[in-house]
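Source file: input_32.cif; contents: mmCIF, C-alpha atoms.
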```cif
data_run
loop_
_atom_site.label_atom_id
_atom_site.label_comp_id
_atom_site.auth_asym_id
_atom_site.auth_seq_id
_atom_site.Cartn_x
_atom_site.Cartn_y
_atom_site.Cartn_z
CA MET U 200 19.83 -0.50 -16.70
CA ASN U 201 17.44 -3.32 -17.59
CA THR U 202 19.00 -5.49 -14.92
CA GLN U 203 18.38 -2.70 -12.38
CA ASN U 204 14.74 -2.38 -13.49
CA ASP U 205 14.23 -6.12 -13.33
CA LYS U 206 15.69 -5.97 -9.83
CA TRP U 207 13.15 -3.30 -8.82
CA SER U 208 10.19 -5.31 -10.18
CA ALA U 209 11.49 -8.49 -8.55
CA LEU U 210 11.96 -6.66 -5.24
CA THR U 211 8.38 -5.32 -5.34
CA ARG U 212 7.05 -8.82 -6.04
CA LYS U 213 9.22 -10.26 -3.27
CA ASN U 214 8.02 -7.62 -0.75
CA THR U 215 4.38 -8.31 -1.65
CA LYS U 216 4.85 -12.08 -1.25
CA HIS U 217 6.68 -11.66 2.07
CA LEU U 218 3.89 -9.44 3.41
CA ALA U 219 1.28 -12.02 2.35
CA TYR U 220 3.24 -14.85 4.06
CA TRP U 221 3.69 -12.89 7.31
CA THR U 222 0.02 -11.84 7.32
CA ALA U 223 -1.15 -15.41 6.68
CA ALA U 224 1.12 -16.71 9.47
CA TRP U 225 -0.15 -14.03 11.87
CA VAL U 226 -3.82 -14.81 11.09
CA LEU U 227 -3.13 -18.55 11.43
CA THR U 228 -1.42 -18.21 14.84
CA MET U 229 -4.22 -15.85 15.91
CA ALA U 230 -6.74 -18.59 15.05
CA VAL U 231 -4.64 -21.13 16.98
CA VAL U 232 -4.64 -18.83 20.05
CA ALA U 233 -8.41 -18.22 19.69
CA PHE U 234 -9.52 -21.84 19.26
CA GLY U 235 -6.59 -23.89 20.64
CA PRO U 236 -7.35 -23.50 24.37
CA LYS U 237 -10.88 -24.86 23.97
CA PHE U 238 -10.37 -27.50 21.28
CA VAL U 239 -6.72 -28.61 21.51
CA TRP U 240 -4.90 -28.03 24.83
CA ASN U 241 -7.75 -27.71 27.33
CA PHE U 242 -6.89 -24.19 28.58
CA ASN U 243 -3.31 -25.10 29.61
CA ALA U 244 -1.90 -21.64 30.49
CA THR U 245 1.71 -22.46 29.52
CA VAL U 246 0.72 -23.56 25.99
CA SER U 247 -1.57 -20.53 25.63
CA VAL U 248 1.21 -18.12 26.66
CA LEU U 249 3.63 -19.86 24.27
CA PHE U 250 1.28 -19.41 21.31
CA ILE U 251 0.47 -15.82 22.31
CA VAL U 252 4.22 -15.06 22.33
CA ILE U 253 4.63 -16.77 18.92
CA ASN U 254 1.67 -14.76 17.58
CA THR U 255 3.15 -11.49 18.89
CA VAL U 256 6.59 -12.23 17.40
CA ILE U 257 5.01 -13.06 14.04
CA GLY U 258 2.92 -9.87 14.37
CA ALA U 259 6.15 -7.87 14.77
CA GLY U 260 7.49 -9.59 11.64
CA MET U 261 4.32 -8.65 9.79
CA ILE U 262 4.72 -4.98 10.82
CA LEU U 263 8.30 -4.94 9.50
CA ALA U 264 7.22 -6.71 6.29
CA ASN U 265 4.50 -4.07 5.82
CA LYS U 266 7.06 -1.28 6.34
CA ARG U 267 9.38 -2.88 3.76
CA TYR U 268 6.44 -3.31 1.38
CA LEU U 269 5.47 0.38 1.68
CA ASN U 270 9.07 1.52 1.20
CA GLY U 271 9.27 -0.61 -1.95
CA LEU U 272 6.22 1.01 -3.56
CA ASP U 273 6.58 3.85 -6.05
CA GLU U 274 5.69 7.41 -5.02
CA MET U 275 2.09 7.38 -6.29
CA GLN U 276 1.32 4.01 -4.70
CA ARG U 277 2.79 5.32 -1.42
CA LYS U 278 0.58 8.44 -1.64
CA LEU U 279 -2.44 6.23 -2.29
CA SER U 280 -1.60 4.02 0.71
CA LEU U 281 -0.96 7.05 2.92
CA GLU U 282 -4.37 8.54 2.08
CA ALA U 283 -6.12 5.19 2.72
CA MET U 284 -4.25 4.79 6.04
CA ALA U 285 -5.15 8.35 7.11
CA ILE U 286 -8.84 7.67 6.47
CA ALA U 287 -8.65 4.25 8.19
CA LEU U 288 -6.92 5.77 11.24
CA GLY U 289 -9.47 8.61 11.48
CA VAL U 290 -12.45 6.30 11.09
CA GLY U 291 -10.85 3.87 13.57
CA VAL U 292 -10.36 6.53 16.26
CA VAL U 293 -13.66 8.39 15.79
CA GLY U 294 -15.73 5.27 15.03
CA GLY U 295 -14.04 3.27 17.79
CA LEU U 296 -14.68 5.89 20.47
CA THR U 297 -18.28 6.43 19.32
CA TYR U 298 -18.79 2.66 19.46
CA SER U 299 -17.25 2.56 22.94
CA MET U 300 -19.53 5.39 24.14
CA LEU U 301 -22.57 3.54 22.78
CA ASP U 302 -21.44 0.52 24.78
CA MET U 303 -20.71 2.50 27.98
CA THR U 304 -24.10 4.20 27.89
CA ASP U 305 -25.81 0.81 27.37
CA ILE U 306 -27.33 1.93 24.09
CA LEU U 307 -25.86 -1.21 22.47
CA SER U 308 -27.56 -4.45 23.43
CA TYR U 309 -24.22 -6.32 23.12
CA ASP U 310 -20.60 -5.73 24.20
CA ALA U 311 -18.32 -3.69 21.94
CA GLU U 312 -15.47 -5.98 20.91
CA ILE U 313 -11.97 -4.97 19.74
CA SER U 314 -12.42 -7.30 16.76
CA HIS U 315 -15.23 -5.05 15.47
CA LEU U 316 -12.80 -2.12 15.49
CA VAL U 317 -10.16 -4.15 13.62
CA ILE U 318 -12.75 -5.10 11.00
CA LEU U 319 -13.86 -1.43 10.69
CA ILE U 320 -10.25 -0.25 10.20
CA SER U 321 -9.47 -3.03 7.70
CA VAL U 322 -12.61 -2.47 5.63
CA THR U 323 -12.06 1.32 5.64
CA TYR U 324 -8.43 0.86 4.49
CA LEU U 325 -9.55 -1.51 1.74
CA ILE U 326 -12.25 0.94 0.55
CA GLY U 327 -9.66 3.77 0.68
CA ILE U 328 -7.28 1.77 -1.52
CA ILE U 329 -10.06 0.92 -4.01
CA ILE U 330 -11.22 4.57 -4.19
CA GLY U 331 -7.60 5.74 -4.60
CA ASN U 332 -7.00 3.27 -7.41
CA ILE U 333 -10.15 4.44 -9.19
CA ARG U 334 -9.22 8.12 -8.68
CA TYR U 335 -5.71 7.74 -10.15
CA LYS U 336 -6.77 5.33 -12.91
CA MET R 339 0.74 20.21 -14.52
CA LYS R 340 0.71 19.37 -18.25
CA ASN R 341 3.27 17.10 -19.83
CA ARG R 342 4.36 15.67 -23.18
CA ILE R 343 5.11 12.15 -22.01
CA LYS R 344 2.46 10.49 -24.18
CA VAL R 345 3.81 12.20 -27.31
CA LEU R 346 7.43 11.44 -26.44
CA ARG R 347 6.55 7.85 -25.75
CA ALA R 348 4.77 7.53 -29.08
CA GLU R 349 7.78 9.04 -30.89
CA GLN R 350 10.00 6.36 -29.41
CA ASP R 351 7.39 3.62 -29.92
CA MET R 352 7.42 2.93 -26.21
CA THR R 353 4.55 1.49 -24.17
CA GLN R 354 3.52 2.79 -20.75
CA ALA R 355 4.78 -0.44 -19.23
CA GLN R 356 8.21 -0.05 -20.88
CA LEU R 357 8.52 3.55 -19.67
CA ALA R 358 7.36 2.51 -16.19
CA THR R 359 10.02 -0.21 -16.04
CA ALA R 360 12.69 2.16 -17.33
CA VAL R 361 12.03 4.78 -14.63
CA GLU R 362 11.21 2.23 -11.89
CA VAL R 363 7.56 2.99 -11.19
CA SER R 364 4.29 1.15 -11.87
CA ARG R 365 2.45 1.43 -15.20
CA GLN R 366 -0.49 2.93 -13.26
CA THR R 367 1.76 5.77 -12.10
CA ILE R 368 2.87 6.58 -15.67
CA ASN R 369 -0.79 6.54 -16.76
CA ALA R 370 -1.78 8.92 -13.92
CA ILE R 371 1.11 11.29 -14.77
CA GLU R 372 0.18 11.31 -18.48
CA LYS R 373 -3.42 12.15 -17.62
CA GLY R 374 -2.33 14.93 -15.26
CA LYS R 375 -3.85 13.19 -12.24
CA PHE R 376 -0.55 12.84 -10.41
CA ASP R 377 2.44 15.17 -10.40
CA PRO R 378 5.76 13.31 -10.21
CA SER R 379 8.44 14.14 -7.66
CA LEU R 380 11.54 15.99 -8.83
CA PRO R 381 13.73 12.81 -8.83
CA LEU R 382 11.15 10.96 -10.97
CA ALA R 383 10.80 13.95 -13.32
CA PHE R 384 14.62 13.94 -13.70
CA ARG R 385 14.62 10.20 -14.47
CA ILE R 386 11.96 10.70 -17.16
CA ALA R 387 13.81 13.69 -18.61
CA ARG R 388 17.11 11.77 -18.64
CA LEU R 389 15.46 8.85 -20.43
CA PHE R 390 14.15 11.10 -23.23
CA GLU R 391 17.40 13.15 -23.22
CA LEU R 392 15.47 16.37 -22.62
CA SER R 393 15.24 18.93 -19.83
CA ILE R 394 12.39 18.81 -17.32
CA GLU R 395 10.95 22.04 -18.75
CA ASP R 396 10.79 20.42 -22.19
CA ILE R 397 8.51 17.71 -20.81
CA PHE R 398 6.55 19.32 -17.98
CA GLN R 399 4.72 22.65 -18.17
CA ASP R 400 3.27 24.49 -15.21
CA GLU R 401 -0.36 25.29 -16.08
CA GLU R 402 -0.50 28.18 -13.60
CA ALA R 403 2.42 29.87 -15.32
CA GLY R 404 0.40 29.76 -18.54
#
```
Encoded form using structure tokens:
Amino acid sequence: MNTQNDKWSALTRKNTKHLAYWTAAWVLTMAVVAFGPKFVWNFNATVSVLFIVINTVIGAGMILANKRYLNGLDEMQRKLSLEAMAIALGVGVVGGLTYSMLDMTDILSYDAEISHLVILISVTYLIGIIIGNIRYK
Amino acid sequence: MKNRIKVLRAEQDMTQAQLATAVEVSRQTINAIEKGKFDPSLPLAFRIARLFELSIEDIFQDEEAG
């Protein structure tokens, strides 16, 4: 039984590490796509497309790693993640559309960027996880 | 839902971490169950009951049923 339990703990650690590696690789290739055209390959379309494809493939790997990570969590951790994701999704949709309307009606003095929405969703998810951890402490 | 996990654990001189490892959940989950903040699923309740060689009803009590 102990071997089985050790296996479960090791699997959880492995899933967490894999998710971190995939996320780091995705962020890194995203940075390459964002800055490479200007600073490295002088807007060569073929190189840009190649790195965008690499970034997308790594992004798909990150999604699968996240799914494996969630499946490896215990039931309370999954509930906590689900609640945080529900809040992040809601805030993302409502906040994103409100932000878009502010941009369309020229109330904002700058353009609404997709990156702002990604930051909003990420921060909301993080806050949701922190609140959940405090609530079930 | 009330439970006797803390008492049963103490009787067997078992830490939360040891119980968590034995039933394949995190220590935080065992802590939340003991404090009544989280109700375990039926499979997890069975695993806990099996570990203490008791029935589920001997460990978990429904507060609404009195």
Check every residue of chain R for an atom within 9 Å of chain U, counting all atoms listed in the file, and provide those that qualify as a PyMOL selection string. chain R and resi 359-364+366-367+369-371+373+375-379+382
Dig up all the protein and nucleic acid residues within 12 Å of (11.4, 18.7, -16.6) in the file frame, using only C-alpha atoms, and format them as a list of chain:residue names.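 Applying the cut-off with only C-alpha atoms, one gets R:Met339, R:Lys340, R:Asn341, R:Arg342, R:Ile343, R:Asp377, R:Pro378, R:Ser379, R:Leu380, R:Pro381, R:Leu382, R:Ala383, R:Phe384, R:Arg385, R:Ile386, R:Ala387, R:Arg388, R:Leu389, R:Phe390, R:Glu391, R:Leu392, R:Ser393, R:Ile394, R:Glu395, R:Asp396, R:Ile397, R:Phe398, R:Gln399, R:Asp400.
Closest approach to U:Glu282 from the set U:Leu301, U:Leu263, U:Ala233, U:Ile330 is made by U:Ile330, with distances taken over only C-alpha atoms.
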One decimal, Å: what's the distance from atom CA of U:Ala223 over to atom CA of U:Ala283, could you say? 21.6 Å
As AutoDock Vina command-line options, please: the centre and edge lengths in Å, to one decimal, of an axis-aligned box enclosing every listed atom of stretch 204-216 of chain U with 4 Å added on each side.
```
--center_x 10.0 --center_y -7.2 --center_z -7.1 --size_x 19.3 --size_y 17.7 --size_z 20.7
```
Atom CA of U:Leu269 to atom CA of U:Leu210, straight-line distance in Å: 11.8 Å
U:Ala264 environment, 10 Å, all atoms listed in the file, sequence neighbours closer than 6 positions dropped, as a ChimeraX atom specification: /U:214-222,258,270
From the set U:Ala244, U:Leu279, U:Leu227, U:Ile253, which residue has the shortest atom-to-atom contact distance to U:Ile333, counting only C-alpha atoms?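 Of the candidates, the smallest distance to U:Ile333 is held by U:Leu279.
The neighbours of U:Thr323 here are the residues that come within 10 Å of it, using all atoms listed in the file and leaving out any residue fewer than 6 positions away in the same chain; they are Ala283, Met284, Ala285, Ile286, Ala287, Leu288, Gly289, Val290, Gly291, Val317 and Ile329 of chain U.
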Dump C-alpha atoms for the selected residues as an mmCIF file, keeping the file's coordinate frame?
```cif
data_model
loop_
_atom_site.group_PDB
_atom_site.id
_atom_site.type_symbol
_atom_site.label_atom_id
_atom_site.label_comp_id
_atom_site.auth_asym_id
_atom_site.auth_seq_id
_atom_site.Cartn_x
_atom_site.Cartn_y
_atom_site.Cartn_z
ATOM 1 C CA ALA U 283 -6.120 5.190 2.720
ATOM 2 C CA MET U 284 -4.250 4.790 6.040
ATOM 3 C CA ALA U 285 -5.150 8.350 7.110
ATOM 4 C CA ILE U 286 -8.840 7.670 6.470
ATOM 5 C CA ALA U 287 -8.650 4.250 8.190
ATOM 6 C CA LEU U 288 -6.920 5.770 11.240
ATOM 7 C CA GLY U 289 -9.470 8.610 11.480
ATOM 8 C CA VAL U 290 -12.450 6.300 11.090
ATOM 9 C CA GLY U 291 -10.850 3.870 13.570
ATOM 10 C CA VAL U 317 -10.160 -4.150 13.620
ATOM 11 C CA ILE U 329 -10.060 0.920 -4.010
#
```
Can you measure atom CA of U:Val231 to atom CA of U:Phe250 for me? One decimal in Å is fine.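 Those two atoms sit 7.5 Å apart.
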Neighbours of R:Arg347 within 10 Å (all atoms listed in the file; same-chain residues fewer than 5 positions away dropped), as a list of chain:residue names?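 The residues satisfying every condition are R:Arg342, R:Met352, R:Thr353, R:Gln354, R:Gln356, R:Leu357, R:Phe390.
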So which residues fall inside 10 Å of (-16.6, -2.1, 20.9) if we count only C-alpha atoms? Mind giving them as a PDB file with C-alpha atoms, in the coordinates of the input?
```pdb
ATOM      1  CA  GLY U 294     -15.730   5.270  15.030  1.00  0.00           C
ATOM      2  CA  GLY U 295     -14.040   3.270  17.790  1.00  0.00           C
ATOM      3  CA  LEU U 296     -14.680   5.890  20.470  1.00  0.00           C
ATOM      4  CA  THR U 297     -18.280   6.430  19.320  1.00  0.00           C
ATOM      5  CA  TYR U 298     -18.790   2.660  19.460  1.00  0.00           C
ATOM      6  CA  SER U 299     -17.250   2.560  22.940  1.00  0.00           C
ATOM      7  CA  MET U 300     -19.530   5.390  24.140  1.00  0.00           C
ATOM      8  CA  LEU U 301     -22.570   3.540  22.780  1.00  0.00           C
ATOM      9  CA  ASP U 302     -21.440   0.520  24.780  1.00  0.00           C
ATOM     10  CA  MET U 303     -20.710   2.500  27.980  1.00  0.00           C
ATOM     11  CA  LEU U 307     -25.860  -1.210  22.470  1.00  0.00           C
ATOM     12  CA  TYR U 309     -24.220  -6.320  23.120  1.00  0.00           C
ATOM     13  CA  ASP U 310     -20.600  -5.730  24.200  1.00  0.00           C
ATOM     14  CA  ALA U 311     -18.320  -3.690  21.940  1.00  0.00           C
ATOM     15  CA  GLU U 312     -15.470  -5.980  20.910  1.00  0.00           C
ATOM     16  CA  ILE U 313     -11.970  -4.970  19.740  1.00  0.00           C
ATOM     17  CA  SER U 314     -12.420  -7.300  16.760  1.00  0.00           C
ATOM     18  CA  HIS U 315     -15.230  -5.050  15.470  1.00  0.00           C
ATOM     19  CA  LEU U 316     -12.800  -2.120  15.490  1.00  0.00           C
ATOM     20  CA  VAL U 317     -10.160  -4.150  13.620  1.00  0.00           C
TER      21      VAL U 317
END
```
